[in-house]
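The data block below is input_38.cif; it holds mmCIF, C-alpha atoms (C1' of nucleotides).
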data_query
loop_
_atom_site.label_atom_id
_atom_site.label_comp_id
_atom_site.auth_asym_id
_atom_site.auth_seq_id
_atom_site.Cartn_x
_atom_site.Cartn_y
_atom_site.Cartn_z
CA MET A 79 -24.39 -9.12 -8.94
CA ASP A 80 -26.97 -6.37 -9.13
CA PRO A 81 -25.10 -3.08 -8.71
CA TYR A 82 -28.22 -1.28 -7.52
CA SER A 83 -28.90 -3.72 -4.74
CA ASP A 84 -25.22 -3.68 -3.73
CA ALA A 85 -25.33 0.10 -3.50
CA GLN A 86 -28.33 -0.14 -1.21
CA ARG A 87 -27.18 -2.90 1.11
CA PRO A 88 -25.03 -2.30 4.15
CA LEU A 89 -21.37 -2.42 3.31
CA TYR A 90 -20.73 -5.30 5.68
CA GLU A 91 -23.19 -7.41 3.71
CA VAL A 92 -21.51 -6.54 0.43
CA LYS A 93 -18.11 -7.32 1.93
CA ALA A 94 -19.32 -10.67 3.23
CA ASN A 95 -20.64 -11.48 -0.20
CA LEU A 96 -17.25 -10.64 -1.68
CA PHE A 97 -15.60 -12.98 0.81
CA LYS A 98 -18.04 -15.70 -0.19
CA GLY A 99 -16.83 -15.39 -3.74
CA LEU A 100 -13.29 -15.88 -2.44
CA ALA A 101 -14.09 -18.71 -0.07
CA HIS A 102 -12.95 -21.62 -2.18
CA PRO A 103 -9.35 -22.79 -2.65
CA LEU A 104 -9.58 -23.19 -6.39
CA ARG A 105 -11.03 -19.75 -6.85
CA VAL A 106 -8.21 -18.28 -4.81
CA ARG A 107 -5.73 -20.27 -6.86
CA VAL A 108 -7.18 -18.94 -10.09
CA LEU A 109 -7.01 -15.37 -8.83
CA GLU A 110 -3.40 -15.89 -7.77
CA VAL A 111 -2.51 -17.14 -11.24
CA LEU A 112 -4.29 -14.14 -12.76
CA SER A 113 -2.43 -11.83 -10.36
CA ALA A 114 0.83 -13.07 -11.82
CA SER A 115 -0.10 -12.67 -15.49
CA PRO A 116 -1.96 -9.99 -17.43
CA SER A 117 -4.19 -12.51 -19.15
CA VAL A 118 -4.51 -16.29 -18.88
CA SER A 119 -6.31 -18.72 -21.15
CA VAL A 120 -8.79 -21.21 -19.72
CA ALA A 121 -6.56 -23.94 -21.14
CA ASP A 122 -3.69 -22.68 -19.01
CA LEU A 123 -5.92 -22.52 -15.94
CA LEU A 124 -7.05 -26.07 -16.61
CA ALA A 125 -3.42 -27.19 -16.76
CA ASP A 126 -2.55 -25.29 -13.61
CA THR A 127 -5.44 -26.47 -11.49
CA GLY A 128 -5.80 -29.98 -12.88
CA LEU A 129 -9.55 -29.52 -12.91
CA GLU A 130 -12.05 -30.89 -15.36
CA ALA A 131 -13.24 -28.18 -17.76
CA SER A 132 -16.81 -27.93 -16.52
CA HIS A 133 -15.67 -27.79 -12.91
CA LEU A 134 -13.31 -24.90 -13.61
CA SER A 135 -16.02 -23.22 -15.63
CA GLN A 136 -18.38 -23.28 -12.68
CA HIS A 137 -15.78 -21.59 -10.49
CA LEU A 138 -14.95 -19.04 -13.18
CA SER A 139 -18.64 -18.27 -13.40
CA VAL A 140 -18.68 -17.46 -9.69
CA LEU A 141 -15.68 -15.16 -10.12
CA ARG A 142 -17.35 -13.39 -13.04
CA ARG A 143 -20.58 -13.00 -11.13
CA HIS A 144 -18.67 -11.37 -8.27
CA ASN A 145 -16.95 -8.97 -10.69
CA LEU A 146 -13.55 -10.31 -9.74
CA VAL A 147 -12.51 -11.35 -13.24
CA THR A 148 -13.33 -10.52 -16.82
CA ALA A 149 -13.41 -12.91 -19.74
CA GLU A 150 -12.50 -12.24 -23.34
CA ARG A 151 -13.03 -14.62 -26.21
CA ARG A 152 -10.38 -14.74 -28.90
CA ALA A 153 -11.36 -17.19 -31.61
CA SER A 154 -12.06 -20.50 -30.00
CA GLN A 155 -10.23 -19.63 -26.77
CA VAL A 156 -11.28 -17.61 -23.77
CA PHE A 157 -8.86 -15.52 -21.74
CA TYR A 158 -9.39 -14.34 -18.22
CA ARG A 159 -7.88 -11.47 -16.27
CA LEU A 160 -8.44 -9.74 -12.93
CA ALA A 161 -11.21 -7.21 -13.21
CA TYR A 162 -9.37 -4.83 -10.89
CA PRO A 163 -5.78 -4.66 -9.58
CA GLU A 164 -7.27 -4.26 -6.09
CA VAL A 165 -8.09 -7.96 -6.19
CA ALA A 166 -4.40 -8.78 -6.16
CA GLU A 167 -3.93 -6.29 -3.34
CA LEU A 168 -6.60 -8.02 -1.30
CA LEU A 169 -4.92 -11.40 -1.76
CA SER A 170 -1.61 -9.85 -0.78
CA VAL A 171 -3.01 -8.38 2.44
CA ALA A 172 -4.70 -11.68 3.24
CA ARG A 173 -1.36 -13.38 2.85
CA ALA A 174 0.30 -10.89 5.19
CA LEU A 175 -2.38 -11.53 7.79
CA LEU A 176 -1.99 -15.29 7.52
CA VAL A 177 1.77 -15.06 7.76
CA ARG A 178 1.28 -13.06 10.93
CA VAL A 179 -1.21 -15.54 12.33
CA LEU A 180 1.04 -18.42 11.51
CA GLU A 181 4.11 -16.79 13.06
CA THR A 182 2.21 -16.09 16.24
CA THR A 183 0.38 -19.33 16.71
CA HIS A 184 3.28 -21.44 15.49
CA SER A 185 5.76 -19.76 17.85
CA GLN A 186 3.34 -20.30 20.71
CA LEU A 187 2.94 -23.92 19.83
CA VAL A 188 6.69 -24.42 19.48
CA SER A 189 7.37 -22.86 22.87
CA THR A 190 4.73 -25.09 24.41
CA VAL A 191 6.26 -28.17 22.89
CA THR A 192 9.93 -27.50 23.55
CA LEU A 193 9.93 -26.15 27.08
CA PRO A 194 9.03 -28.54 29.90
CA PHE A 195 7.29 -25.85 31.94
CA ALA A 196 6.26 -23.76 28.96
CA ALA A 197 2.66 -24.84 29.29
CA ASP A 198 2.58 -23.20 32.71
CA LEU A 199 4.34 -20.09 31.43
CA ALA A 200 2.01 -19.75 28.50
CA THR A 201 -0.96 -20.03 30.80
CA SER A 202 0.33 -17.42 33.24
CA GLU A 203 1.22 -14.89 30.56
CA ASP A 204 -2.35 -13.75 30.27
CA PRO A 205 -4.58 -15.78 32.55
CA GLU A 206 -7.66 -13.90 31.47
CA MET A 207 -7.12 -14.62 27.84
CA ILE A 208 -9.57 -17.10 26.39
CA ARG A 209 -8.41 -18.69 23.21
CA MET B 14 -7.42 -23.88 13.44
CA ASP B 15 -4.52 -26.29 13.70
CA PRO B 16 -1.37 -24.25 13.08
CA TYR B 17 0.55 -27.31 11.97
CA SER B 18 -1.93 -28.28 9.30
CA ASP B 19 -2.18 -24.66 8.13
CA ALA B 20 1.59 -24.52 7.76
CA GLN B 21 1.49 -27.62 5.60
CA ARG B 22 -1.43 -26.78 3.35
CA PRO B 23 -1.09 -24.73 0.19
CA LEU B 24 -1.45 -21.04 0.87
CA TYR B 25 -4.47 -20.72 -1.41
CA GLU B 26 -6.31 -23.23 0.74
CA VAL B 27 -5.45 -21.36 3.90
CA LYS B 28 -6.54 -18.10 2.30
CA ALA B 29 -9.82 -19.60 1.19
CA ASN B 30 -10.39 -20.81 4.71
CA LEU B 31 -9.75 -17.30 6.02
CA PHE B 32 -12.30 -15.95 3.56
CA LYS B 33 -14.79 -18.54 4.78
CA GLY B 34 -14.42 -17.13 8.25
CA LEU B 35 -15.22 -13.69 6.83
CA ALA B 36 -18.08 -14.80 4.62
CA HIS B 37 -20.99 -13.79 6.80
CA PRO B 38 -22.40 -10.25 7.16
CA LEU B 39 -22.64 -10.33 10.92
CA ARG B 40 -19.08 -11.51 11.32
CA VAL B 41 -17.91 -8.68 9.10
CA ARG B 42 -20.00 -6.26 11.11
CA VAL B 43 -18.44 -7.47 14.36
CA LEU B 44 -14.94 -7.09 12.92
CA GLU B 45 -15.78 -3.59 11.75
CA VAL B 46 -16.96 -2.63 15.23
CA LEU B 47 -13.78 -4.12 16.69
CA SER B 48 -11.71 -2.21 14.13
CA ALA B 49 -13.12 1.00 15.51
CA SER B 50 -12.51 0.27 19.19
CA PRO B 51 -9.63 -1.29 21.09
CA SER B 52 -11.92 -3.62 23.01
CA VAL B 53 -15.66 -4.21 22.92
CA SER B 54 -17.87 -6.10 25.35
CA VAL B 55 -20.20 -8.80 24.16
CA ALA B 56 -23.05 -6.73 25.57
CA ASP B 57 -22.10 -3.87 23.27
CA LEU B 58 -21.88 -6.22 20.30
CA LEU B 59 -25.30 -7.58 21.17
CA ALA B 60 -26.68 -4.04 21.22
CA ASP B 61 -24.99 -3.17 17.95
CA THR B 62 -26.03 -6.21 16.01
CA GLY B 63 -29.44 -6.77 17.55
CA LEU B 64 -28.73 -10.48 17.71
CA GLU B 65 -29.81 -12.95 20.33
CA ALA B 66 -26.94 -13.84 22.63
CA SER B 67 -26.48 -17.41 21.52
CA HIS B 68 -26.54 -16.42 17.88
CA LEU B 69 -23.80 -13.84 18.35
CA SER B 70 -21.83 -16.28 20.43
CA GLN B 71 -21.83 -18.81 17.59
CA HIS B 72 -20.43 -16.20 15.23
CA LEU B 73 -17.83 -15.06 17.76
CA SER B 74 -16.79 -18.68 18.11
CA VAL B 75 -16.13 -18.84 14.37
CA LEU B 76 -14.04 -15.66 14.57
CA ARG B 77 -12.05 -17.06 17.49
CA ARG B 78 -11.46 -20.33 15.72
CA HIS B 79 -10.11 -18.44 12.70
CA ASN B 80 -7.75 -16.47 14.95
CA LEU B 81 -9.38 -13.20 13.90
CA VAL B 82 -10.35 -12.08 17.40
CA THR B 83 -9.34 -12.68 20.99
CA ALA B 84 -11.61 -12.81 23.99
CA GLU B 85 -10.88 -11.71 27.53
CA ARG B 86 -13.13 -12.28 30.49
CA ARG B 87 -13.32 -9.52 33.10
CA ALA B 88 -15.57 -10.54 35.97
CA SER B 89 -18.89 -11.54 34.53
CA GLN B 90 -18.25 -9.82 31.19
CA VAL B 91 -16.29 -10.83 28.15
CA PHE B 92 -14.46 -8.37 25.92
CA TYR B 93 -13.37 -8.96 22.38
CA ARG B 94 -10.71 -7.35 20.24
CA LEU B 95 -9.06 -7.92 16.87
CA ALA B 96 -6.33 -10.49 17.16
CA TYR B 97 -4.18 -8.60 14.66
CA PRO B 98 -4.31 -5.08 13.19
CA GLU B 99 -3.95 -6.68 9.75
CA VAL B 100 -7.58 -7.77 10.04
CA ALA B 101 -8.68 -4.14 9.88
CA GLU B 102 -6.34 -3.62 6.95
CA LEU B 103 -7.94 -6.49 5.09
CA LEU B 104 -11.42 -5.04 5.62
CA SER B 105 -10.16 -1.69 4.45
CA VAL B 106 -8.72 -3.10 1.24
CA ALA B 107 -11.91 -5.08 0.65
CA ARG B 108 -13.83 -1.85 0.98
CA ALA B 109 -11.57 -0.12 -1.53
CA LEU B 110 -12.12 -2.95 -4.00
CA LEU B 111 -15.89 -2.82 -3.55
CA VAL B 112 -15.94 0.94 -3.96
CA ARG B 113 -14.04 0.47 -7.19
CA VAL B 114 -16.39 -2.25 -8.38
CA LEU B 115 -19.39 -0.16 -7.51
CA GLU B 116 -18.06 2.94 -9.24
CA THR B 117 -17.35 0.97 -12.38
CA THR B 118 -20.48 -1.08 -12.62
CA HIS B 119 -22.71 1.72 -11.39
CA SER B 120 -21.32 4.22 -13.91
CA GLN B 121 -21.83 1.66 -16.65
CA LEU B 122 -25.37 1.07 -15.56
CA VAL B 123 -26.11 4.78 -15.28
CA SER B 124 -24.75 5.47 -18.76
CA THR B 125 -26.86 2.64 -20.09
CA VAL B 126 -29.97 3.99 -18.46
CA THR B 127 -29.59 7.70 -19.20
CA LEU B 128 -28.42 7.74 -22.80
CA PRO B 129 -30.84 6.60 -25.46
CA PHE B 130 -28.11 5.01 -27.57
CA ALA B 131 -25.85 4.21 -24.68
CA ALA B 132 -26.63 0.53 -24.88
CA ASP B 133 -25.16 0.48 -28.35
CA LEU B 134 -22.14 2.50 -27.29
CA ALA B 135 -21.48 0.29 -24.30
CA THR B 136 -21.64 -2.77 -26.48
CA SER B 137 -19.24 -1.44 -29.08
CA GLU B 138 -16.64 -0.32 -26.56
CA ASP B 139 -15.23 -3.80 -26.21
CA PRO B 140 -17.17 -6.28 -28.29
CA GLU B 141 -14.99 -9.18 -27.21
CA MET B 142 -15.56 -8.59 -23.54
CA ILE B 143 -17.82 -11.14 -21.93
CA ARG B 144 -19.38 -9.98 -18.72
"C1'" DC C 159 -24.68 -21.99 49.64
"C1'" DT C 160 -28.35 -20.32 45.98
"C1'" DC C 161 -29.78 -17.30 42.49
"C1'" DC C 162 -29.20 -14.58 38.55
"C1'" DG C 163 -26.98 -12.08 34.78
"C1'" DA C 164 -23.68 -12.79 31.14
"C1'" DC C 165 -22.05 -15.68 27.88
"C1'" DT C 166 -21.00 -20.28 25.66
"C1'" DT C 167 -21.97 -24.81 23.78
"C1'" DG C 168 -24.78 -28.49 21.73
"C1'" DA C 169 -28.31 -30.21 18.69
"C1'" DT C 170 -30.94 -29.83 14.61
"C1'" DG C 171 -33.83 -28.49 10.51
"C1'" DG C 172 -33.41 -25.75 6.53
"C1'" DA C 173 -30.55 -23.11 3.22
"C1'" DT C 174 -26.60 -22.77 0.43
"C1'" DG C 175 -22.32 -24.39 -1.75
"C1'" DC C 176 -19.49 -28.05 -4.00
"C1'" DA C 177 -18.36 -31.78 -7.22
"C1'" DT C 178 -19.77 -34.33 -11.01
"C1'" DC C 179 -21.90 -35.76 -15.20
"C1'" DA C 180 -24.66 -34.73 -19.25
"C1'" DC C 181 -25.58 -31.57 -22.53
"C1'" DA C 182 -25.33 -26.97 -24.96
"C1'" DC C 183 -22.95 -23.31 -27.41
"C1'" DC C 184 -19.11 -21.14 -30.07
"C1'" DA C 185 -15.38 -21.06 -33.46
"C1'" DT C 186 -12.93 -23.17 -37.07
"C1'" DG C 187 -11.23 -26.48 -40.48
"C1'" DG C 188 -12.28 -29.76 -44.03
"C1'" DC D 131 -22.61 -28.65 -44.24
"C1'" DC D 132 -20.38 -31.79 -40.47
"C1'" DA D 133 -16.81 -32.83 -37.06
"C1'" DT D 134 -14.00 -31.35 -33.49
"C1'" DG D 135 -11.76 -28.58 -29.95
"C1'" DG D 136 -12.75 -25.28 -26.40
"C1'" DT D 137 -15.74 -23.62 -23.00
"C1'" DG D 138 -20.17 -22.79 -20.55
"C1'" DT D 139 -24.67 -24.25 -18.41
"C1'" DG D 140 -28.01 -27.27 -16.11
"C1'" DA D 141 -29.29 -30.80 -12.89
"C1'" DT D 142 -28.51 -33.20 -8.73
"C1'" DG D 143 -26.66 -35.77 -4.62
"C1'" DC D 144 -23.77 -34.77 -0.87
"C1'" DA D 145 -21.32 -31.58 2.28
"C1'" DT D 146 -21.21 -27.50 4.84
"C1'" DC D 147 -23.14 -23.40 6.85
"C1'" DC D 148 -26.80 -20.72 9.19
"C1'" DA D 149 -30.44 -19.73 12.53
"C1'" DT D 150 -32.72 -21.16 16.47
"C1'" DC D 151 -33.79 -23.24 20.78
"C1'" DA D 152 -32.32 -25.76 24.86
"C1'" DA D 153 -29.01 -26.46 28.12
"C1'" DG D 154 -24.45 -25.59 30.30
"C1'" DT D 155 -20.69 -22.69 32.50
"C1'" DC D 156 -18.75 -18.69 34.81
"C1'" DG D 157 -18.65 -14.91 38.11
"C1'" DG D 158 -20.59 -12.30 41.68
"C1'" DA D 159 -24.07 -10.71 45.03
"C1'" DG D 160 -26.86 -11.89 48.91
#
Using structure tokens, write down the structure that the file contains.
Amino acid sequence: MDPYSDAQRPLYEVKANLFKGLAHPLRVRVLEVLSASPSVSVADLLADTGLEASHLSQHLSVLRRHNLVTAERRASQVFYRLAYPEVAELLSVARALLVRVLETTHSQLVSTVTLPFAADLATSEDPEMIR
Amino acid sequence: MDPYSDAQRPLYEVKANLFKGLAHPLRVRVLEVLSASPSVSVADLLADTGLEASHLSQHLSVLRRHNLVTAERRASQVFYRLAYPEVAELLSVARALLVRVLETTHSQLVSTVTLPFAADLATSEDPEMIR
DNA sequence: CTCCGACTTGATGGATGCATCACACCATGG
DNA sequence: CCATGGTGTGATGCATCCATCAAGTCGGAG
């Protein structure tokens, strides 16, 4: 990513671009693994994800391009780590949000399912609320 | 989003899906505006973003579907707000990460540009580091 | 009731991302 | 030097997302 152009674009565009880099399950998985270890070899990531080497490499390339990870070659092996500890923080906050979402929507769904008139109650709680 | 299927999918998939919902500049912009106000009318969002109504509506639909915002109709107007305060927190942490990235990459670029031998120095700092 | 402003939904062409296979590059041992 | 293990890059068909226009729905005033 060109640091000059990032510095000159609106922050919401730069943020959206960051989220694009994060918007694939396997890339999130890789970052989670890297959050749990200081440094991980590509071989270990291959074992963890079950991906073919070139497939993982493509995803790692995206992560590198977004400055989310750094790569270090040691002999014939390459090791990856998070480029910044803030990446782990971001994943952690995302998790907290999802837990919250899940608690809320799941409890609503459960109450709808288990109570015979719950559908009516749920509707009358906030009749103006469009979901 | 189906709460049951989210509860049953791996967390990294659910996270990635969340990031997909965030992966467009205008959706980030909307969330930022909503982070700054308790409740914002669609008309205000239209004015802020400069979008055509149907275009904004499509993006708002994505945000609703991802449980990031809630909508409330009052007479002929609709008002939006963040579904959870954690959404603002996530944007804030993303910002902190980007600031960090920008500081780091920008200072590297500046040192490369301003010092005649800086390119050599930057290279020898960590010769094993692949960027 | 009709009309109109506000907003949403549907359809679609073009842009971008993903998965896969072939090939390239690097490091090391024989 | 060649062979091999480890990893990265390029090309491409298919899937998904984005932007845009047309049409639909809701609420309220006359």
For the structure shown, which residues end up in the PyMOL selection byres ((chain C) within 9 of (chain A))? Put them as a PyMOL selection string, please?
-> chain C and resi 177-178+184-186
Explicit residues for the PyMOL selection byres ((chain D) within 9 of (chain B)) (as a PyMOL selection string) | chain D and resi 149-150+156-158
What does the PyMOL selection byres ((chain A) within 7 of (chain B)) select in this file, as JSON, numbers by chain?
-> {"A": [81, 90, 91, 93, 94, 95, 97, 98, 100, 101, 102, 103, 106, 107, 142, 148, 149, 150, 151, 164, 165, 168, 171, 172, 175, 180, 183, 184, 206, 207, 208, 209]}
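Note that atom CA of B:Val75 and atom CA of B:Val55 are 14.6 Å apart.
Residues within 10 Å of A:Val111, counting all atoms listed in the file and excluding same-chain residues fewer than 5 positions away, are Arg105, Val106, Pro116, Ser117, Val118, Asp122, Leu123, Asp126, Thr127, Arg159, Leu160 and Ala166 of chain A.
Distance-wise, atom C1' of C:DC183 and atom C1' of D:DG143 end up 26.2 Å apart.
Among D:DA141, D:DC148, D:DA153, D:DC131, the residue with the shortest atom-to-atom distance to C:DA169, counting all atoms listed in the file, is D:DA153.
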What is the atom CA of B:Leu73 to atom CA of B:Leu47 distance in Å?
-> 11.7 Å
Polymer residues at most 10 Å from D:DT142, all atoms listed in the file, same-chain spacing of 2 or more positions, as a list of chain:residue names | C:DT178, C:DC179, D:DG140, D:DC144
As lines of an AutoDock Vina configuration file: centre and edge lengths in Å, one decimal, of the axis-aligned box holding stretch 143-157 of chain D with 8 Å per side:
center_x = -26.2
center_y = -25.3
center_z = 16.7
size_x = 31.1
size_y = 36.9
size_z = 58.7
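Nearest residue to D:DA152, choosing from C:DC181, C:DT167, C:DG175, C:DG188 and counting only C-alpha atoms (C1' of nucleotides): C:DT167.
Residue nearest D:DT139 within the list A:Leu124, A:Ala114, A:Ser135, A:Leu141: A:Ser135 [criterion: smallest interatomic distance, all atoms listed in the file].
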